[in-house]
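Asker: Here it is, the structure, as structure tokens.
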Amino acid sequence: MPEPRRVVVDGNEAAASVAHRLTEVIAVYPITPSSTMGELADSWSTHGQTNLWGQVPQVVEMQSEAGAAGTVHGALQAGALATTFTASQGLLLMIPNMYKIAGELLPFCMHVAARTVATHALSIFGDHSDVMACRATGFALLCSASVQEAHDLAAVAHMATLKSRIPFIHFFDGFRTSHEVAKIAELSDDDLRILVDEKEIRSHRERGLTPDRPVLRGTAQNPDTFFQAREAANRFHLACPGLVQEAMGHLGALTGRSYDLFDYVGHPQAERVIVMMGSGVETAHETVDHLVAQGEKVGLVKVRLFHPFSTPAFVAALPETVRSIAILDRTKEPGAVGDPLYLEVLAALREAADEGLSGFAVPPRVVGGRYGLASKEFDPPMVKAVFQNLAATKPRNHFTVGIVDDVTHTSLPWEAGLDQEPEDVKRAIFYGLGSDGTVGANKNSIKIIGEDTPLFAQAYFVYDSKKAGATTVSHLRFGPRPIRSAYLVRQAGFVACHQFEFVDKVDVLERAAPGAVFLLNAPYPPAEVWGRLPREMQEVILEKRLRLFVVDAYKVAQKSGMGGRINTVMQVCFFALSGVLPRHEAIAHIKTAIAKTYGKRGPEVVKRNFAAVDATLEQLHEAPIPAMVTTSRGRPPMVADQAPDFVKRVTAVMMAGKGDLLPASAFPVDGTWPMGTARWEKRNLALEIPVWDPKVCIQCNQCALVCPHAAIRAKLYPASALGGAPSTFKSDDFRSPDKKEQKYTIQVAPEDCTGCGLCVQICPAKDRSNPRHKAIDMTPQRPLRDAERENYAFFLDLPEMDRKVAHLDLKTSQFLQPLFEYSGACSGCGETPYIKLLTQLFGDRALIANATGCSSIYGGNLPTTPYATDQNGRGPAWANSLFEDNAEFGLGFRLAVNAHRDQATQVLESLRSRVGEELSDAILKAAQDTEAGIADQRARVTELRSRLKTLTGPHARRLDSLCDYLVRKSVWLVGGDGWAYDIGFGGLDHVLSGQQDINVLVLDTEVYSNTGGQQSKATPLGASAKFAEAGKGTPKKDLGLLAMSYGHVYVARIAFGAKMAQTVQAFQEAEAYPGPSLIIAYSHCIAHGYDMLFGVEQQKLAASSGLWPLYRYDPRRVARGEPPLHLDSGPPKTPVADYMRNEGRFSAVEKANPERFKHLLKTAEKVMRQRYAVYQQLAGITVPLFETSEKANPPAAETR
Amino acid sequence: MNLSTRYLGLDLKHPLIPGASPLSDEVATVRRLEDAGAAAIVLRSLFEEQITREQMAAFQHSDVHGESSAEALSYFPATQTFVFGPDEYLEHLRRVKVAVSIPVIASLNGSTPGGWLDYAPLIEHAGADALELNLYRLAFDSSLTGQDMEREAVEVVREVRRTVRLPLAVKLSPFYSSFAQFASQLDQAGADGLVLFNRFYQPDIDPETLELNRSLHLSDHRELPLRLRWLGALSGEVRASLAVSGGVHSARDAIKAVMAGAHAVQLVSALLQHGPEHLKVIRQGMVDWMEEFEWESLEPMRGNMSLKRCPDPAAYERANYALMLQGWRSR
């Protein structure tokens, strides 16, 4: 057996590498955590990597997983080898096709990074709820528990499906396995060639549809035949386990890595046994080994092939001595007797007993338990707790482990203490920021250790939920044997904190082992560092006798020209201190890795990284540690004292990274969550914040409009409100002839600002004698923090402007309170300014249906919520259903609101005389087309409510609960281009085709932003994106024109950076339009590849180049004899190239292939001119009225 | 009529050369220039600073946002290999070399000592017939003396000279305090040619928006006299051959430059204004003029009006200014 190549890969790559080599057609759709598999496959194909037969597999990105499933189904029917990669809701969307594929006995293997299916909340993390939803499809379900297995069993699945004709889901745990980086033995092409049976491939191909040997499939069968025909395939399902075992045998013989349908490990005479599958198996295996070594009679059955379930094989795997069995499920099936694996095993044991297959001395007691939902940590103490439960005379059944369930008391207690990891496994933890490159450096380190030394290595990364200023925690292990610890590092001998601010925010030493090395990136001399640590940290350092090493990594990085990228510096320190490799050797390896990683990014990047490597060690020092704590300064509290109880009790715990400690009783039972909690999370991300100079300011409010985080605001208020203002609070006379007595302030929220600088960039007001100084300038935050915090608090308490202003425009809109604030969106986000504006204009009466994507993540990813309420407690009611259904979901809101309104109207009419005719008529006939109209109606409804209190009877009570619906509601359907152009287009199109009063806001970043930059149909021609690496060759879908084709849809195309007034106007018109409205909003995005500081400039160029023409199509203009389409941006005047060359997504094409870029640029120009010409013509067309006597609205249906 | 000349050791059939400019960016345009009779061509400068910035920008914007979010480990295709500055430039140089048979002179602007020395051999290796060192640097650093600037420039030329064998031209700005002495230092450091003078992008002020705009105006013949003066001063004083760059818009301008001492005449603005074919017009103009005034070849003409050989050397110096001024006053 030749020594296999050892590679360091994550689970996704391990599986995809096999799949790509064994297929011809790959149809995919991005979904976390499986996206990487499709991306890798596409990238390999783009670069000409072939399958085993010398062909480059075709990779196609579809509009949804349903589309991907249809495509692979077709490819399979036509005799090709096909695969797909998916997870969670994506897998659920494939189910209809999966029934067909299995029913047609098509050999097919898909790879699933198993992920939670959204229920009371979405979760991107791992459990088996998606796979378990596919039990009835007829697919075989084969589970891998580690990265190596994801590689090996992928091959087994592809082998077995060809032999058995049963299609396979090969799955492994999302994140824990899909994203764990580990050293594995690689299956070579030759290995795969030996393993895969060419004859079976030929048979499959020969069964394929072809006009040369035509057959017909997909008939409709009737009661006389369907049933029998369905049973006719039984023998294939029955034969499947044997064929899987055979494939495992072949793989074992070839590689020495043996697998069985059920693998038993543990004491040969075990009395207590756990049965489970997925990554938890590895942790349980490690724990079983540890407990057996301590003399305990425990064991573990690892389930590999869950379906078709082989009862004989399962029973054979169990020791006959077993007295009690715990079946652990990583999914929840409410309402069932138990969770799926439990039920399956229970039934199998019963059948085995009935058939006389089992030879247990005593029939074992069987209990089921649940663990690890949504990647909840599952570690050795929890395994031990399960064994302890099994030792009880009456073990608890239907238990949970890993949480505290103080509501239904299902949870097993566990003791956190057990640490069974051997001494020779080195463990390290790194705390970093997403933007500082910590994760990348650790991936690099693990590759160096794994590929250049005999050591085995493992890395796992934990990210927080924020897009701006996200923290990352890296967990690394390396040791002489394969590492089974599929849980976070619990005791680390090396802890690195890459950001000094963390010492006040995060308990970074929580997992430091006694005597550990603590590496701290600090902007202070070594002797000063101790004094700057909070009391809690000093205590831990002394108590655990840690050694403290410091480096000023930012200084080194700056000097080497690496800016804020401290990854290389910290990596050098890690190698220098950890002693995994001799220093000089480690440095040589680091340099080789740098050259390999960054070589394709240009020699300068390599050169500067080398310089950083060379400059690091002389800056690394051990800091002196005094014998005792020297400060009384403690870590500041997570939230302010005046925060509401829930925020203190729940939100703050989650913010501190200790959400695992919260018991079930802490949570709302149905996913309902309080509004406006983001304001309590003071993240202090900005190094610099804007500072206002009233003398220079022209009071245009543009800064407030562009701010993505509602962190710079404008207020207009009476001078009398200034009493008690803090001494540094700034105010100026409001410059307006009709509001002479009013005061004006621009105020920054110093601790919520992310420092993007968009406000300063947009600010048009310059000091004429010193034009570098604007009305707002970015200024270091730290010295301003305290004073501005106080100023901001005062500002928030100033009275809000009366919403009843005569005319809302760009400027006045910014005096309205934003009800969307401090979200976790990226610094400089191009989407959030639109959402914020929406909440300013309509937030107090809006319902928002939000498609899954960036906007649902920064809109609703815990711990905190950015949607807020006004002083009356009103605000946008927000919900996220799915990715694909948002238009329908929002339509449902509208219909419900209609139902409530109609009922309220009807009841009010029936109570007209009792509540007063004048009031009733005023309410029923109210014009609510202005803020004043809305305010008046609210006043009337308040009056109505007080009159209703005096009335008795069911009608009055009913009206009391409904009367708020007499105030006009505004229904918004918000989502990104992935939703509107691709996966949700069918629904969106349908909703637009109707007459309901809904408003659609498409935040068009022209790419799947949230899942990491895959092309959508909104991606413009010429842009490089995942699945369009060479630059997209076809034009962006013209969603606006499609919507206009209906004639009755209000359509606007906007870009706030290009023309703010048009943006504000479009929002108002769309909302006022009594039918469907569509706003397509240009949203600059980090996936465009440039500094977001210039987002506004790029928006201007997008419009002036003609690539993003601004327009409003208003069907109401038809009746006035005007052209419905109005162009709001002039003819193209700046070259398309000026726009494109500024963005990495386009310039990447030029850098990679200048000739193709030239071609795409010219084509983009041509298409732009053609499209613009069409718009120009449309803008000149009036639609003839052909007036008839018919009324505009058809008679209501019930009159017929 | 013999217009032949020798510049940088290259035998050229006449002195007219399109200078470093966007004219050379497209191979098709280079072919048109050759068809119009260009004797050689200078490619646009390879700017080290631009390459560095481009690489760092591509790195910043593609890699910096990655590995921050559980859902998106990156935002761009991972395996993209980029062609950066030197590679792109060298590839262009190779293609131009294949496309035309006239000598191709590459141009380089380094921002670090290492940059000059790294890129010059690459350019040589890619097949350039000569290299023009574009010594463009603005001395905003108040700690730098004029001597420092000159020393560094001479050092660059000396080091590049040591590193490569191909002919070296040095393109200069007029802003050196004792230009003749500086030029002779460059000559001694191994320059084969001196190009007088560089023209820079200049800042312009928009008084309404209070913005600075960068602009490059095309030259006109009024810029020629400055060049004539220094050509005249250097002609016969340095070993290096001389080229004029800036202000030549007509055959008459070209003749003047040759008389001042130019071995080569670089054309940019005139060709940008009138198209590559204008080179033919200027060349024909030179022939016509020489026929009319009975010059057989350029050789006897070259430098006949230099400081050394002109009838009234004082006219090149201060007197020139004084006399004109006096003349104006007396009217």
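Starting from 1 in every chain, residues are counted up; chains themselves are A, B, ... following the order of the structure tokens, and ligands are numbered from 1 as listed.
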Identify all residues of segment 44-280 of chain B in helix (DSSP H, G or I) (DSSP on the backbone) and supply them as a PDB file with C-alpha atoms, in the first residue's frame.

Answerer:
ATOM      1  CA  GLU B  48       6.637  50.923  -9.993  1.00  0.00           C
ATOM      2  CA  GLU B  49       4.485  52.863  -7.569  1.00  0.00           C
ATOM      3  CA  GLN B  50       1.370  52.130  -9.559  1.00  0.00           C
ATOM      4  CA  ILE B  51       2.153  48.431  -9.669  1.00  0.00           C
ATOM      5  CA  THR B  52       2.701  48.362  -5.933  1.00  0.00           C
ATOM      6  CA  ARG B  53      -0.508  50.196  -5.270  1.00  0.00           C
ATOM      7  CA  GLU B  54      -2.459  48.009  -7.617  1.00  0.00           C
ATOM      8  CA  GLN B  55      -1.220  44.863  -5.958  1.00  0.00           C
ATOM      9  CA  MET B  56      -1.916  46.131  -2.478  1.00  0.00           C
ATOM     10  CA  ALA B  57      -5.357  47.387  -3.490  1.00  0.00           C
ATOM     11  CA  ALA B  58      -6.293  44.090  -5.096  1.00  0.00           C
ATOM     12  CA  PHE B  59      -5.076  42.308  -1.991  1.00  0.00           C
ATOM     13  CA  GLN B  60      -6.867  44.669   0.386  1.00  0.00           C
ATOM     14  CA  HIS B  61     -10.189  44.529  -1.327  1.00  0.00           C
ATOM     15  CA  SER B  62     -10.292  40.872  -2.135  1.00  0.00           C
ATOM     16  CA  ASP B  63      -8.745  39.362   0.973  1.00  0.00           C
ATOM     17  CA  GLY B  85       2.054  45.583 -13.569  1.00  0.00           C
ATOM     18  CA  PRO B  86       5.387  44.216 -14.639  1.00  0.00           C
ATOM     19  CA  ASP B  87       3.930  41.074 -16.172  1.00  0.00           C
ATOM     20  CA  GLU B  88       1.245  42.970 -17.991  1.00  0.00           C
ATOM     21  CA  TYR B  89       3.758  45.535 -19.198  1.00  0.00           C
ATOM     22  CA  LEU B  90       6.302  42.961 -20.237  1.00  0.00           C
ATOM     23  CA  GLU B  91       3.673  41.014 -22.086  1.00  0.00           C
ATOM     24  CA  HIS B  92       2.668  44.175 -23.928  1.00  0.00           C
ATOM     25  CA  LEU B  93       6.294  44.897 -24.712  1.00  0.00           C
ATOM     26  CA  ARG B  94       6.712  41.398 -26.139  1.00  0.00           C
ATOM     27  CA  ARG B  95       3.632  41.777 -28.281  1.00  0.00           C
ATOM     28  CA  VAL B  96       4.737  45.149 -29.595  1.00  0.00           C
ATOM     29  CA  LYS B  97       8.132  43.669 -30.400  1.00  0.00           C
ATOM     30  CA  VAL B  98       6.505  40.902 -32.387  1.00  0.00           C
ATOM     31  CA  ALA B  99       4.153  43.308 -34.147  1.00  0.00           C
ATOM     32  CA  PRO B 113      16.059  51.664  -5.593  1.00  0.00           C
ATOM     33  CA  GLY B 114      15.017  48.009  -5.657  1.00  0.00           C
ATOM     34  CA  GLY B 115      12.258  48.728  -8.123  1.00  0.00           C
ATOM     35  CA  TRP B 116      14.570  50.184 -10.748  1.00  0.00           C
ATOM     36  CA  LEU B 117      16.918  47.275 -10.412  1.00  0.00           C
ATOM     37  CA  ASP B 118      14.195  44.626 -10.377  1.00  0.00           C
ATOM     38  CA  TYR B 119      12.334  45.832 -13.399  1.00  0.00           C
ATOM     39  CA  ALA B 120      15.157  46.938 -15.703  1.00  0.00           C
ATOM     40  CA  PRO B 121      16.458  43.377 -16.310  1.00  0.00           C
ATOM     41  CA  LEU B 122      12.916  42.123 -16.836  1.00  0.00           C
ATOM     42  CA  ILE B 123      12.444  44.751 -19.514  1.00  0.00           C
ATOM     43  CA  GLU B 124      15.750  43.839 -21.101  1.00  0.00           C
ATOM     44  CA  HIS B 125      14.818  40.188 -20.998  1.00  0.00           C
ATOM     45  CA  GLY B 146      19.012  69.259  -4.195  1.00  0.00           C
ATOM     46  CA  GLN B 147      22.235  67.336  -3.883  1.00  0.00           C
ATOM     47  CA  ASP B 148      20.423  64.379  -2.367  1.00  0.00           C
ATOM     48  CA  MET B 149      18.024  64.339  -5.272  1.00  0.00           C
ATOM     49  CA  GLU B 150      20.798  64.485  -7.828  1.00  0.00           C
ATOM     50  CA  ARG B 151      22.901  61.899  -6.049  1.00  0.00           C
ATOM     51  CA  GLU B 152      20.039  59.448  -5.912  1.00  0.00           C
ATOM     52  CA  ALA B 153      19.240  59.969  -9.580  1.00  0.00           C
ATOM     53  CA  VAL B 154      22.854  59.444 -10.616  1.00  0.00           C
ATOM     54  CA  GLU B 155      23.011  56.386  -8.408  1.00  0.00           C
ATOM     55  CA  VAL B 156      19.956  54.904 -10.101  1.00  0.00           C
ATOM     56  CA  VAL B 157      21.500  55.389 -13.503  1.00  0.00           C
ATOM     57  CA  ARG B 158      24.797  53.909 -12.380  1.00  0.00           C
ATOM     58  CA  GLU B 159      23.173  50.879 -10.794  1.00  0.00           C
ATOM     59  CA  VAL B 160      20.849  50.195 -13.692  1.00  0.00           C
ATOM     60  CA  ARG B 161      23.802  50.617 -16.037  1.00  0.00           C
ATOM     61  CA  ARG B 162      25.584  47.896 -14.058  1.00  0.00           C
ATOM     62  CA  THR B 163      22.582  45.618 -14.177  1.00  0.00           C
ATOM     63  CA  PHE B 179      21.506  71.295 -15.010  1.00  0.00           C
ATOM     64  CA  ALA B 180      24.629  71.093 -17.162  1.00  0.00           C
ATOM     65  CA  GLN B 181      26.709  69.689 -14.369  1.00  0.00           C
ATOM     66  CA  PHE B 182      23.981  67.235 -13.418  1.00  0.00           C
ATOM     67  CA  ALA B 183      23.631  66.112 -17.018  1.00  0.00           C
ATOM     68  CA  SER B 184      27.322  65.472 -17.272  1.00  0.00           C
ATOM     69  CA  GLN B 185      27.176  63.368 -14.096  1.00  0.00           C
ATOM     70  CA  LEU B 186      24.451  61.244 -15.660  1.00  0.00           C
ATOM     71  CA  ASP B 187      26.561  61.022 -18.772  1.00  0.00           C
ATOM     72  CA  GLN B 188      29.444  59.710 -16.729  1.00  0.00           C
ATOM     73  CA  ALA B 189      27.199  57.323 -14.832  1.00  0.00           C
ATOM     74  CA  HIS B 221       5.472  74.938 -29.816  1.00  0.00           C
ATOM     75  CA  ARG B 222       5.919  77.549 -27.080  1.00  0.00           C
ATOM     76  CA  GLU B 223       7.494  74.877 -24.941  1.00  0.00           C
ATOM     77  CA  LEU B 224      10.222  74.282 -27.463  1.00  0.00           C
ATOM     78  CA  PRO B 225      12.618  77.189 -26.662  1.00  0.00           C
ATOM     79  CA  LEU B 226      13.378  75.916 -23.146  1.00  0.00           C
ATOM     80  CA  ARG B 227      14.409  72.628 -24.677  1.00  0.00           C
ATOM     81  CA  LEU B 228      16.388  74.288 -27.420  1.00  0.00           C
ATOM     82  CA  ARG B 229      18.393  76.179 -24.836  1.00  0.00           C
ATOM     83  CA  TRP B 230      19.430  73.074 -22.915  1.00  0.00           C
ATOM     84  CA  LEU B 231      19.974  70.959 -25.995  1.00  0.00           C
ATOM     85  CA  GLY B 232      22.173  73.744 -27.187  1.00  0.00           C
ATOM     86  CA  ALA B 233      24.023  73.840 -23.909  1.00  0.00           C
ATOM     87  CA  LEU B 234      24.639  70.078 -23.785  1.00  0.00           C
ATOM     88  CA  ALA B 251       8.894  70.036 -39.326  1.00  0.00           C
ATOM     89  CA  ARG B 252      10.332  73.429 -38.614  1.00  0.00           C
ATOM     90  CA  ASP B 253      10.302  72.665 -34.863  1.00  0.00           C
ATOM     91  CA  ALA B 254      12.096  69.388 -35.547  1.00  0.00           C
ATOM     92  CA  ILE B 255      14.740  71.094 -37.639  1.00  0.00           C
ATOM     93  CA  LYS B 256      15.328  73.598 -34.837  1.00  0.00           C
ATOM     94  CA  ALA B 257      15.766  70.795 -32.329  1.00  0.00           C
ATOM     95  CA  VAL B 258      18.314  69.066 -34.528  1.00  0.00           C
ATOM     96  CA  MET B 259      20.154  72.343 -34.980  1.00  0.00           C
ATOM     97  CA  ALA B 260      20.253  72.686 -31.193  1.00  0.00           C
ATOM     98  CA  SER B 269       1.032  65.967 -28.449  1.00  0.00           C
ATOM     99  CA  ALA B 270       1.180  66.496 -32.183  1.00  0.00           C
ATOM    100  CA  LEU B 271       0.350  62.840 -32.801  1.00  0.00           C
ATOM    101  CA  LEU B 272      -2.369  62.783 -30.170  1.00  0.00           C
ATOM    102  CA  GLN B 273      -3.901  65.840 -31.801  1.00  0.00           C
ATOM    103  CA  HIS B 274      -3.605  64.845 -35.445  1.00  0.00           C
ATOM    104  CA  HIS B 278       0.863  63.170 -38.768  1.00  0.00           C
ATOM    105  CA  LEU B 279       4.350  61.774 -38.298  1.00  0.00           C
ATOM    106  CA  LYS B 280       4.485  61.291 -42.053  1.00  0.00           C
TER     107      LYS B 280
END

Asker: Please identify all residues of chain A having at least one atom at most 8 Å from any atom of chain B, considering only C-alpha atoms, and return them as number ranges by chain.

Answerer: A: 32-33, 39, 43, 124, 433-437, 439-440, 462-467, 470-472, 600-605, 768, 771, 1009-1014, 1024-1027, 1029, 1086-1087, 1089-1091, 1144-1145, 1148, 1151-1153

Asker: Identify, on the basis of only C-alpha atoms, every residue whose closest approach to Arg302 of chain B does not exceed 8 Å; exclude the query and any residue fewer than 2 positions from it along the same chain; express the result as a ChimeraX atom specification.

Answerer: /B:258-263,298-300,304-305

Asker: Next, write the just-selected residues to a file, as a JSON list (two decimals), in the first residue's frame, keeping C-alpha atoms as the atom set.

Answerer:
[["chain", "number", "residue", "atom", "x", "y", "z"],
["B", 258, "VAL", "CA", 18.31, 69.07, -34.53],
["B", 259, "MET", "CA", 20.15, 72.34, -34.98],
["B", 260, "ALA", "CA", 20.25, 72.69, -31.19],
["B", 261, "GLY", "CA", 21.81, 69.25, -31.01],
["B", 262, "ALA", "CA", 19.03, 66.63, -30.89],
["B", 263, "HIS", "CA", 19.72, 63.18, -32.24],
["B", 298, "LEU", "CA", 21.11, 66.04, -40.82],
["B", 299, "GLU", "CA", 24.65, 65.35, -39.74],
["B", 300, "PRO", "CA", 26.15, 68.76, -40.58],
["B", 304, "ASN", "CA", 25.14, 73.89, -35.60],
["B", 305, "MET", "CA", 23.14, 76.23, -33.41]]

Asker: For segment 780-785 of chain A, please output as an mmCIF file with N, CA and C atoms, in the first residue's frame all residues within 6 Å (counting only C-alpha atoms; exclusion window: fewer than 5 positions along the same chain).

Answerer:
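out.cif, freshly written:
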data_model
loop_
_atom_site.group_PDB
_atom_site.id
_atom_site.type_symbol
_atom_site.label_atom_id
_atom_site.label_comp_id
_atom_site.auth_asym_id
_atom_site.auth_seq_id
_atom_site.Cartn_x
_atom_site.Cartn_y
_atom_site.Cartn_z
ATOM 1 N N LEU A 687 -12.296 53.801 15.064
ATOM 2 C CA LEU A 687 -11.089 54.458 15.557
ATOM 3 C C LEU A 687 -11.257 55.963 15.447
ATOM 4 N N GLU A 688 -12.010 56.371 14.411
ATOM 5 C CA GLU A 688 -12.279 57.799 14.223
ATOM 6 C C GLU A 688 -13.770 57.996 14.021
ATOM 7 N N ILE A 689 -14.287 59.077 14.544
ATOM 8 C CA ILE A 689 -15.707 59.380 14.367
ATOM 9 C C ILE A 689 -15.853 60.790 13.798
ATOM 10 N N PRO A 750 -21.198 58.113 19.337
ATOM 11 C CA PRO A 750 -19.767 57.803 19.255
ATOM 12 C C PRO A 750 -19.459 56.313 19.396
#

Asker: What does the distance from atom CA of Ala887 of chain A to atom CA of Tyr1050 of chain A come to in Å, to one decimal?

Answerer: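 Result for atom CA of Ala887 of chain A versus atom CA of Tyr1050 of chain A: 15.7 Å, one decimal.
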
Asker: Show me, as a PyMOL selection string, the residues that have an atom within 10 Å of segment 1030-1038 of chain A when counting only C-alpha atoms, minus same-chain residues fewer than 2 positions from it.

Answerer: (chain A and resi 46+981-982+1006+1015-1028+1040-1043+1145-1150+1152-1153+1156-1157+1159-1160+1163-1164+1167-1168+1171) or (chain B and resi 77+80)

Asker: Need to verify the contact set: Ala522 of chain A, 7 Å, only C-alpha atoms, exclusion of same-chain residues closer than 4 positions in sequence. Can you return it as a list in words?

Answerer: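 Near Ala522 of chain A, the qualifying residues are Phe500, Val550, Val551 and Asp552 of chain A.
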
Asker: Please provide as number ranges by chain all residues within 9 Å of Asp989 of chain A, with the sequence filter that same-chain residues fewer than 2 positions apart are discarded (counting only C-alpha atoms).

Answerer: A: 887, 980, 984-987, 991-994, 1042-1043

Asker: Those same residues - N, CA and C atoms - I'd like them written as a JSON list (two decimals), in the first residue's frame.

Answerer:
[["chain", "number", "residue", "atom", "x", "y", "z"],
["A", 887, "ALA", "N", -41.88, 37.31, -1.13],
["A", 887, "ALA", "CA", -42.96, 38.10, -1.75],
["A", 887, "ALA", "C", -44.31, 37.56, -1.30],
["A", 980, "ALA", "N", -34.86, 38.50, -5.22],
["A", 980, "ALA", "CA", -35.77, 39.11, -6.19],
["A", 980, "ALA", "C", -35.51, 38.65, -7.62],
["A", 984, "GLY", "N", -36.55, 33.94, -5.54],
["A", 984, "GLY", "CA", -37.90, 34.39, -5.21],
["A", 984, "GLY", "C", -38.60, 35.05, -6.37],
["A", 985, "PHE", "N", -37.98, 34.99, -7.55],
["A", 985, "PHE", "CA", -38.53, 35.75, -8.68],
["A", 985, "PHE", "C", -39.94, 35.31, -9.05],
["A", 986, "GLY", "N", -40.16, 34.00, -9.03],
["A", 986, "GLY", "CA", -41.50, 33.50, -9.40],
["A", 986, "GLY", "C", -42.56, 34.10, -8.51],
["A", 987, "GLY", "N", -42.29, 34.10, -7.22],
["A", 987, "GLY", "CA", -43.25, 34.65, -6.26],
["A", 987, "GLY", "C", -43.36, 36.15, -6.39],
["A", 991, "VAL", "N", -46.71, 38.25, -7.21],
["A", 991, "VAL", "CA", -47.26, 39.28, -6.33],
["A", 991, "VAL", "C", -47.39, 40.61, -7.07],
["A", 992, "LEU", "N", -46.40, 40.91, -7.92],
["A", 992, "LEU", "CA", -46.48, 42.15, -8.70],
["A", 992, "LEU", "C", -47.64, 42.10, -9.69],
["A", 993, "SER", "N", -47.96, 40.91, -10.15],
["A", 993, "SER", "CA", -49.02, 40.81, -11.16],
["A", 993, "SER", "C", -50.40, 41.08, -10.55],
["A", 994, "GLY", "N", -50.50, 41.02, -9.23],
["A", 994, "GLY", "CA", -51.78, 41.28, -8.58],
["A", 994, "GLY", "C", -51.99, 42.76, -8.32],
["A", 1042, "LEU", "N", -39.09, 44.33, -16.75],
["A", 1042, "LEU", "CA", -40.04, 43.21, -16.65],
["A", 1042, "LEU", "C", -41.28, 43.64, -15.87],
["A", 1043, "ALA", "N", -41.03, 44.35, -14.76],
["A", 1043, "ALA", "CA", -42.16, 44.78, -13.93],
["A", 1043, "ALA", "C", -43.01, 45.80, -14.66]]

Asker: Let me make sure I understand: among B:Ile41, B:Leu307, B:Val268, B:Leu135, which one has the smallest atom-to-atom distance to Thr112 of chain B if we use only C-alpha atoms?

Answerer: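 Smallest distance to Thr112 of chain B is found for B:Leu135.
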
Asker: If you run DSSP on the backbone, which residues of segment 430-481 of chain A are strand (DSSP E), as a list of chain:residue names?

Answerer: A:Phe430, A:Tyr431, A:Gly432, A:Leu433, A:Phe456, A:Ala457, A:Gln458, A:Ala459, A:Tyr460, A:Phe461, A:Val462, A:Tyr463, A:Thr471, A:Thr472, A:Val473, A:Ser474, A:His475, A:Leu476, A:Arg477, A:Phe478, A:Gly479

Asker: When you count only C-alpha atoms, which of these residues is closest to Val473 of chain A: A:Pro523, A:Pro363, A:Gly657, A:Gly563?

Answerer: A:Gly657

Asker: In Å, with one decimal, what is the gap from atom CA of Met654 of chain A to atom CA of Gln388 of chain A?

Answerer: 29.7 Å
